[in-house]
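The file input-v3.txt contains compact mmCIF, C-alpha atoms and all ligand atoms:
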```
# COMPACT_ATOMS: atom_id res chain seq x y z
CA MET P 783 76.14 138.97 89.74
CA PRO P 784 74.39 136.34 91.79
CA MET P 785 77.64 135.67 93.68
CA ALA P 786 76.80 138.02 96.49
CA THR P 787 73.49 136.28 97.07
CA ILE P 788 75.05 132.85 97.13
CA GLN P 789 77.67 133.95 99.58
CA SER P 790 75.22 135.61 101.91
CA LEU P 791 73.02 132.49 101.83
CA ALA P 792 75.92 130.25 102.66
CA GLY P 793 76.92 132.55 105.47
CA GLU P 794 76.85 132.11 109.23
CA ASN P 795 73.51 130.37 109.52
CA GLU P 796 74.87 127.35 107.64
CA GLN P 797 71.80 126.70 105.57
CA HIS P 798 71.39 123.39 103.84
CA PRO P 799 72.16 124.00 100.14
CA ASP P 800 68.69 122.69 99.23
CA VAL P 801 67.08 125.67 100.93
CA ALA P 802 68.45 128.09 98.36
CA LEU P 803 67.32 125.82 95.54
CA ILE P 804 63.82 125.62 96.98
CA GLU P 805 63.67 129.40 97.27
CA ARG P 806 64.52 129.62 93.59
CA VAL P 807 61.88 127.06 92.62
CA ARG P 808 59.30 129.00 94.60
CA ALA P 809 60.33 132.11 92.73
CA GLY P 810 59.53 130.29 89.49
CA ASP P 811 62.95 128.95 88.50
CA VAL P 812 62.24 125.45 87.20
CA SER P 813 65.93 124.79 86.53
CA ALA P 814 66.52 124.82 90.29
CA TYR P 815 64.03 122.00 90.60
CA ASP P 816 65.90 120.18 87.86
CA THR P 817 68.96 120.30 90.11
CA LEU P 818 67.02 118.88 93.06
CA VAL P 819 65.57 116.07 90.97
CA ARG P 820 69.04 115.13 89.69
CA LYS P 821 70.38 115.15 93.18
CA TYR P 822 67.84 112.74 94.63
CA GLU P 823 66.36 110.69 91.80
CA ARG P 824 68.58 107.67 92.40
CA GLN P 825 67.68 107.48 96.06
CA VAL P 826 63.97 107.94 95.43
CA PHE P 827 64.05 105.22 92.80
CA ARG P 828 65.91 102.91 95.16
CA ILE P 829 63.45 103.40 97.99
CA ALA P 830 60.50 102.90 95.64
CA GLN P 831 62.09 99.66 94.39
CA HIS P 832 62.64 98.43 97.91
CA ILE P 833 59.02 99.00 98.85
CA THR P 834 57.20 98.03 95.66
CA GLN P 835 59.71 95.39 94.52
CA ASN P 836 58.59 96.15 91.02
CA ARG P 837 60.49 98.09 88.41
CA GLU P 838 57.50 99.70 86.66
CA ASP P 839 55.96 100.75 89.94
CA ALA P 840 59.25 102.23 91.04
CA GLU P 841 59.46 104.27 87.84
CA ASP P 842 55.94 105.57 88.36
CA VAL P 843 56.56 106.30 92.01
CA MET P 844 59.69 108.23 91.20
CA GLN P 845 57.87 110.45 88.74
CA ASP P 846 54.80 110.91 90.93
CA ALA P 847 56.84 111.67 94.03
CA PHE P 848 58.81 114.44 92.33
CA LEU P 849 55.70 115.90 90.76
CA LYS P 850 53.83 115.81 94.04
CA ALA P 851 56.76 117.41 95.83
CA TYR P 852 56.82 120.14 93.19
CA GLU P 853 53.10 120.79 93.56
CA LYS P 854 53.26 120.81 97.32
CA LEU P 855 56.47 122.77 97.65
CA ASP P 856 54.58 125.63 99.28
CA GLN P 857 53.70 123.29 102.12
CA PHE P 858 57.30 122.34 102.70
CA GLN P 859 58.54 123.94 105.86
CA GLY P 860 62.20 124.41 106.37
CA ASN P 861 62.20 122.69 109.75
CA SER P 862 62.99 119.33 108.18
CA LYS P 863 65.34 118.49 105.36
CA PHE P 864 63.91 118.57 101.87
CA TYR P 865 65.20 115.05 101.37
CA THR P 866 63.34 113.54 104.32
CA TRP P 867 60.19 115.34 103.22
CA LEU P 868 60.63 114.01 99.70
CA VAL P 869 61.25 110.48 100.93
CA ARG P 870 58.11 110.63 102.99
CA ILE P 871 56.15 111.42 99.84
CA ALA P 872 57.92 108.62 97.97
CA VAL P 873 57.18 106.11 100.75
CA ASN P 874 53.49 107.03 100.70
CA GLU P 875 53.31 106.82 96.92
CA SER P 876 55.02 103.43 97.01
CA LEU P 877 52.60 102.08 99.57
CA MET P 878 49.69 103.32 97.49
CA ARG P 879 51.02 101.48 94.44
CA LEU P 880 51.50 98.36 96.45
CA ARG P 881 47.94 98.45 97.73
CA LYS P 882 46.62 98.91 94.22
CA ARG P 883 48.59 95.96 92.98
CA ARG P 884 47.84 93.60 95.77
CA THR P 885 44.19 94.37 96.12
CA GLY P 886 42.77 93.21 99.37
CA LYS P 887 46.12 92.53 100.93
CA MET P 888 46.96 95.15 103.48
CA VAL P 889 50.38 96.59 103.20
CA SER P 890 51.66 98.58 106.07
CA ILE P 891 54.98 99.67 107.30
CA ASP P 892 53.82 100.62 110.76
CA GLU P 893 52.45 97.28 111.89
CA ASP P 894 54.99 95.77 114.19
CA VAL P 895 56.03 92.38 113.05
CA GLU P 896 56.49 89.97 115.87
CA THR P 897 59.30 87.76 114.87
CA GLU P 898 61.94 86.00 116.80
CA GLU P 899 64.05 85.56 113.73
CA GLY P 900 67.40 87.16 114.10
CA SER P 901 66.77 88.30 117.64
CA VAL P 902 69.21 85.66 118.80
CA PRO P 903 71.99 84.96 116.32
CA ARG P 904 72.06 81.27 115.51
CA ASP P 905 74.55 81.08 112.73
CA LEU P 906 77.72 81.91 114.53
CA ALA P 907 80.16 80.81 111.90
CA ASP P 908 82.62 83.51 110.96
CA TRP P 909 82.61 84.80 107.42
CA ALA P 910 85.34 84.42 104.88
CA PRO P 911 87.53 87.52 104.53
CA ASP P 912 85.93 89.76 101.87
CA PRO P 913 83.25 87.12 101.29
CA GLU P 914 81.60 89.11 98.50
CA GLN P 915 84.62 88.43 96.33
CA ASN P 916 83.62 84.80 96.00
CA TYR P 917 80.74 85.92 93.79
CA THR P 918 80.43 87.79 90.53
CA GLN P 919 78.80 91.21 90.63
CA SER P 920 75.55 89.85 89.26
CA GLU P 921 75.52 86.88 91.65
CA LEU P 922 76.16 89.20 94.53
CA GLY P 923 73.40 91.56 93.42
CA GLU P 924 71.02 88.61 93.26
CA ILE P 925 72.00 87.46 96.76
CA LEU P 926 71.62 90.94 98.24
CA ARG P 927 68.25 91.53 96.57
CA LYS P 928 66.87 88.13 97.50
CA THR P 929 68.05 88.50 101.07
CA ILE P 930 66.61 91.94 101.74
CA GLN P 931 63.36 91.10 99.96
CA GLY P 932 62.78 88.40 102.53
CA LEU P 933 62.54 90.92 105.36
CA PRO P 934 59.18 92.30 106.50
CA PRO P 935 58.59 95.61 104.66
CA GLY P 936 58.75 97.67 107.84
CA PHE P 937 62.20 96.31 108.67
CA ARG P 938 63.45 96.64 105.13
CA ILE P 939 62.58 100.30 104.80
CA VAL P 940 64.09 101.22 108.15
CA PHE P 941 67.31 99.45 107.17
CA VAL P 942 67.45 101.17 103.78
CA LEU P 943 66.83 104.64 105.16
CA ARG P 944 69.16 104.28 108.11
CA ASP P 945 72.00 102.17 106.80
CA VAL P 946 71.97 102.59 103.04
CA ASP P 947 70.72 106.17 102.76
CA GLY P 948 72.40 107.32 105.93
CA LEU P 949 69.44 109.10 107.53
CA SER P 950 69.60 109.54 111.28
CA THR P 951 67.31 107.55 113.58
CA GLU P 952 65.25 110.70 114.16
CA GLU P 953 64.96 111.46 110.46
CA THR P 954 63.95 107.87 109.74
CA ALA P 955 61.30 108.05 112.45
CA GLU P 956 59.99 111.32 111.07
CA THR P 957 59.96 110.04 107.50
CA LEU P 958 58.03 106.90 108.35
CA GLY P 959 55.83 108.35 111.06
CA LEU P 960 57.30 105.95 113.60
CA SER P 961 58.60 106.50 117.10
CA VAL P 962 62.35 106.55 117.70
CA PRO P 963 62.22 103.34 119.82
CA ALA P 964 60.26 101.60 117.04
CA VAL P 965 62.92 102.59 114.49
CA LYS P 966 65.67 101.35 116.80
CA SER P 967 64.08 98.00 117.47
CA ARG P 968 63.39 97.42 113.78
CA LEU P 969 66.85 98.43 112.77
CA LEU P 970 68.44 95.95 115.16
CA ARG P 971 66.23 93.13 113.99
CA ALA P 972 66.71 94.05 110.34
CA ARG P 973 70.47 94.05 110.70
CA LEU P 974 70.53 90.76 112.56
CA GLN P 975 68.15 89.06 110.15
CA LEU P 976 70.15 90.20 107.14
CA ARG P 977 73.33 89.05 108.79
CA GLU P 978 71.84 85.67 109.58
CA ARG P 979 70.57 85.20 106.04
CA LEU P 980 73.79 86.35 104.42
CA SER P 981 75.76 83.91 106.55
CA ARG P 982 74.47 81.16 104.29
CA TYR P 983 76.51 82.62 101.45
CA PHE P 984 79.39 84.25 103.19
CA ARG P 985 80.41 81.84 105.91
CA ARG P 986 83.92 80.59 105.88
CA LYS P 987 83.92 77.19 104.29
CA ARG P 988 85.84 74.57 106.11
CA GLY P 989 88.32 72.90 103.78
CA ALA P 990 87.18 75.01 100.86
CA LYS P 991 88.45 73.64 97.57
CA LYS P 992 90.43 76.52 96.23
CA MET M 1221 78.00 91.52 130.84
CA THR M 1222 76.00 88.71 129.26
CA CYS M 1223 75.63 88.02 125.53
CA THR M 1224 72.01 89.24 125.67
CA GLU M 1225 73.11 92.51 127.21
CA PHE M 1226 75.80 92.82 124.60
CA LEU M 1227 73.32 92.23 121.81
CA ALA M 1228 70.97 94.88 123.18
CA LEU M 1229 73.76 97.41 122.75
CA LEU M 1230 75.01 96.10 119.44
CA ASP M 1231 73.40 98.84 117.36
CA ASP M 1232 74.68 101.60 119.60
CA LEU M 1233 78.15 100.12 119.36
CA ILE M 1234 77.95 99.90 115.56
CA ASP M 1235 76.55 103.43 115.32
CA ASP M 1236 79.21 104.63 117.72
CA SER M 1237 76.74 106.07 120.18
CA VAL M 1238 77.85 104.50 123.44
CA ASN M 1239 79.49 106.34 126.27
CA PRO M 1240 83.10 105.47 127.12
CA ASP M 1241 82.18 103.38 130.18
CA THR M 1242 79.74 101.22 128.26
CA ARG M 1243 82.20 100.92 125.44
CA ALA M 1244 84.82 99.60 127.83
CA GLU M 1245 82.37 97.01 129.14
CA LEU M 1246 81.47 95.96 125.62
CA GLN M 1247 85.13 95.63 124.68
CA GLN M 1248 85.70 93.58 127.80
CA HIS M 1249 82.91 91.21 126.80
CA LEU M 1250 84.28 90.92 123.27
CA LYS M 1251 87.66 89.82 124.53
CA GLY M 1252 86.18 86.72 126.08
CA CYS M 1253 83.31 85.97 123.72
CA GLU M 1254 83.99 84.78 120.23
CA HIS M 1255 80.27 84.52 119.39
CA CYS M 1256 79.63 88.18 120.03
CA GLU M 1257 82.78 89.14 118.20
CA VAL M 1258 81.61 87.23 115.12
CA THR M 1259 78.14 88.74 115.42
CA LEU M 1260 79.57 92.24 115.64
CA ASN M 1261 81.98 91.84 112.74
CA THR M 1262 79.55 90.12 110.41
CA THR M 1263 76.78 92.61 111.20
CA ARG M 1264 79.17 95.44 110.40
CA LYS M 1265 80.09 93.70 107.19
CA THR M 1266 76.41 93.23 106.32
CA ILE M 1267 75.83 96.96 106.57
CA GLU M 1268 78.98 97.74 104.64
CA ILE M 1269 78.05 95.40 101.78
CA TYR M 1270 74.55 96.87 101.43
CA ARG M 1271 75.94 100.37 101.60
CA SER M 1272 78.55 99.82 98.92
CA HIS M 1273 76.51 97.82 96.42
CA GLU M 1274 73.68 99.50 94.58
CA ILE M 1275 71.19 96.68 94.13
CA TYR M 1276 68.61 98.75 92.29
CA GLU M 1277 70.68 100.55 89.73
CA LEU M 1278 68.94 103.27 87.78
CA PRO M 1279 70.42 102.91 84.28
CA ALA M 1280 71.49 106.18 82.65
CA SER M 1281 69.02 105.90 79.76
CA LEU M 1282 66.09 105.23 82.06
CA ARG M 1283 67.23 107.97 84.36
CA GLU M 1284 67.30 110.47 81.51
CA ARG M 1285 63.87 109.39 80.29
CA LEU M 1286 62.27 109.65 83.71
CA HIS M 1287 64.02 112.90 84.41
CA ALA M 1288 62.80 114.43 81.16
CA ALA M 1289 59.26 113.25 81.89
CA ILE M 1290 59.29 114.82 85.34
CA MET M 1291 60.66 118.12 84.12
CA ALA M 1292 58.27 118.26 81.16
CA ARG M 1293 55.32 117.90 83.50
CA CYS M 1294 56.72 120.41 85.97
CA LYS M 1295 57.15 122.97 83.25
CA LYS M 1296 53.54 122.51 82.27
CA GLY M 1297 52.71 123.45 85.80
CA CYS M 1298 52.14 119.79 86.66
ZN ZN P 1301 78.82 87.22 124.06
```

Please express the file's structure as structure tokens.
Amino acid sequence: MPMATIQSLAGENEQHPDVALIERVRAGDVSAYDTLVRKYERQVFRIAQHITQNREDAEDVMQDAFLKAYEKLDQFQGNSKFYTWLVRIAVNESLMRLRKRRTGKMVSIDEDVETEEGSVPRDLADWAPDPEQNYTQSELGEILRKTIQGLPPGFRIVFVLRDVDGLSTEETAETLGLSVPAVKSRLLRARLQLRERLSRYFRRKRGAKK
Amino acid sequence: MTCTEFLALLDDLIDDSVNPDTRAELQQHLKGCEHCEVTLNTTRKTIEIYRSHEIYELPASLRERLHAAIMARCKKGC
């Protein structure tokens, strides 16, 4: 029975459940990799979409990232989470796609974008209560996509990893090869810029019809 | 505390990583400053909306197709 093994692995040292799966993959159990792919494919796809802004590219990135991670699994060291390591691969693959597509145009997530936008909130109108309910699901999706696509790539990715994916500041820094202060400053500006841009749609309308 | 000082700590407040003294100062500022209160609430709401709405849905059929492609190539030894 494998029960004993599972229990001893989940014992006092509180291992991340991915560690056991990775051990099994290394021992030649492809089904364990299947489990890991299922667990993270949505997030990898999402990140690839956010960076490439192109559905086909995101599909390719997702496949390539998981294949690359599989090939390089021997190089994975348990000192970081498998997920952050995987995301790092996905981010690099996405940037590579982007460079191929936009030949000549440099795409970088580590260049610091000097922008004053959002650093001082201008639109100070309060929002309607549950403002998203004034839109249909598809309208809302369109608004959210359009709004986040307008951010510089380096801000967008930090926001997605930190606030949507729930990575810590340190994990985000590690994943993107940025310093912790750089992640913090981008996150603040990303949040404020998104807020400012969403205000256009969500602000409380004075004397609204209905 | 000025609005600029408040704004500099906005993220820490949202992420709940301020010490109790700073928190008290921030709360104090909020009581008298509607602008910062709006900024805080709408920024929180911004995060919440992005967190709770998947804007790049991976449809089940596509997911299955991509998944099968990945696993087929892994089984071949990539
Ligand atoms: Zn203020």

Fill in: Coordinates-based distance that separates CA of Ile833 in chain P from CA of Arg968 in chain P (Å, one decimal)
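These two atoms are separated by 15.6 Å.
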
Discussion item. Around ligand ZN 1301 (chain P), which protein and nucleic acid residues have at least one atom no more than 7 Å from it, if we count all atoms listed in the file? List them as a ChimeraX atom specification.
Written reply: /M:1222-1223,1226,1249-1250,1253-1256

Worksheet entry | Selection near range 1268-1276 of chain M, 10 Å with only C-alpha atoms, sequence-local residues under 5 positions removed, as a ChimeraX atom specification | /P:824-825,827-832,835,837,912-914,919-920,922-927,930,941-942,945-948,976 /M:1262-1263

Discussion item. To one decimal place in Å, what is the distance between CA of Ile804 in chain P and CA of Asp816 in chain P?
Written reply: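 Straight-line distance from CA of Ile804 in chain P to CA of Asp816 in chain P works out to 10.8 Å.
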
Discussion item. Quick check, in Å to one decimal: how far apart do CA of Gly860 in chain P and CA of Leu818 in chain P lie?
Written reply: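 Between CA of Gly860 in chain P and CA of Leu818 in chain P the gap works out to 15.2 Å.
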
Item to complete: Excluding Arg979 in chain P and any residue of its chain fewer than 2 positions from it, enumerate the residues within 12 Å of it, using only C-alpha atoms, and give them as a PyMOL selection string.
Response: (chain P and resi 899-900+903-906+925-933+972-977+981-985) or (chain M and resi 1262-1263+1266)
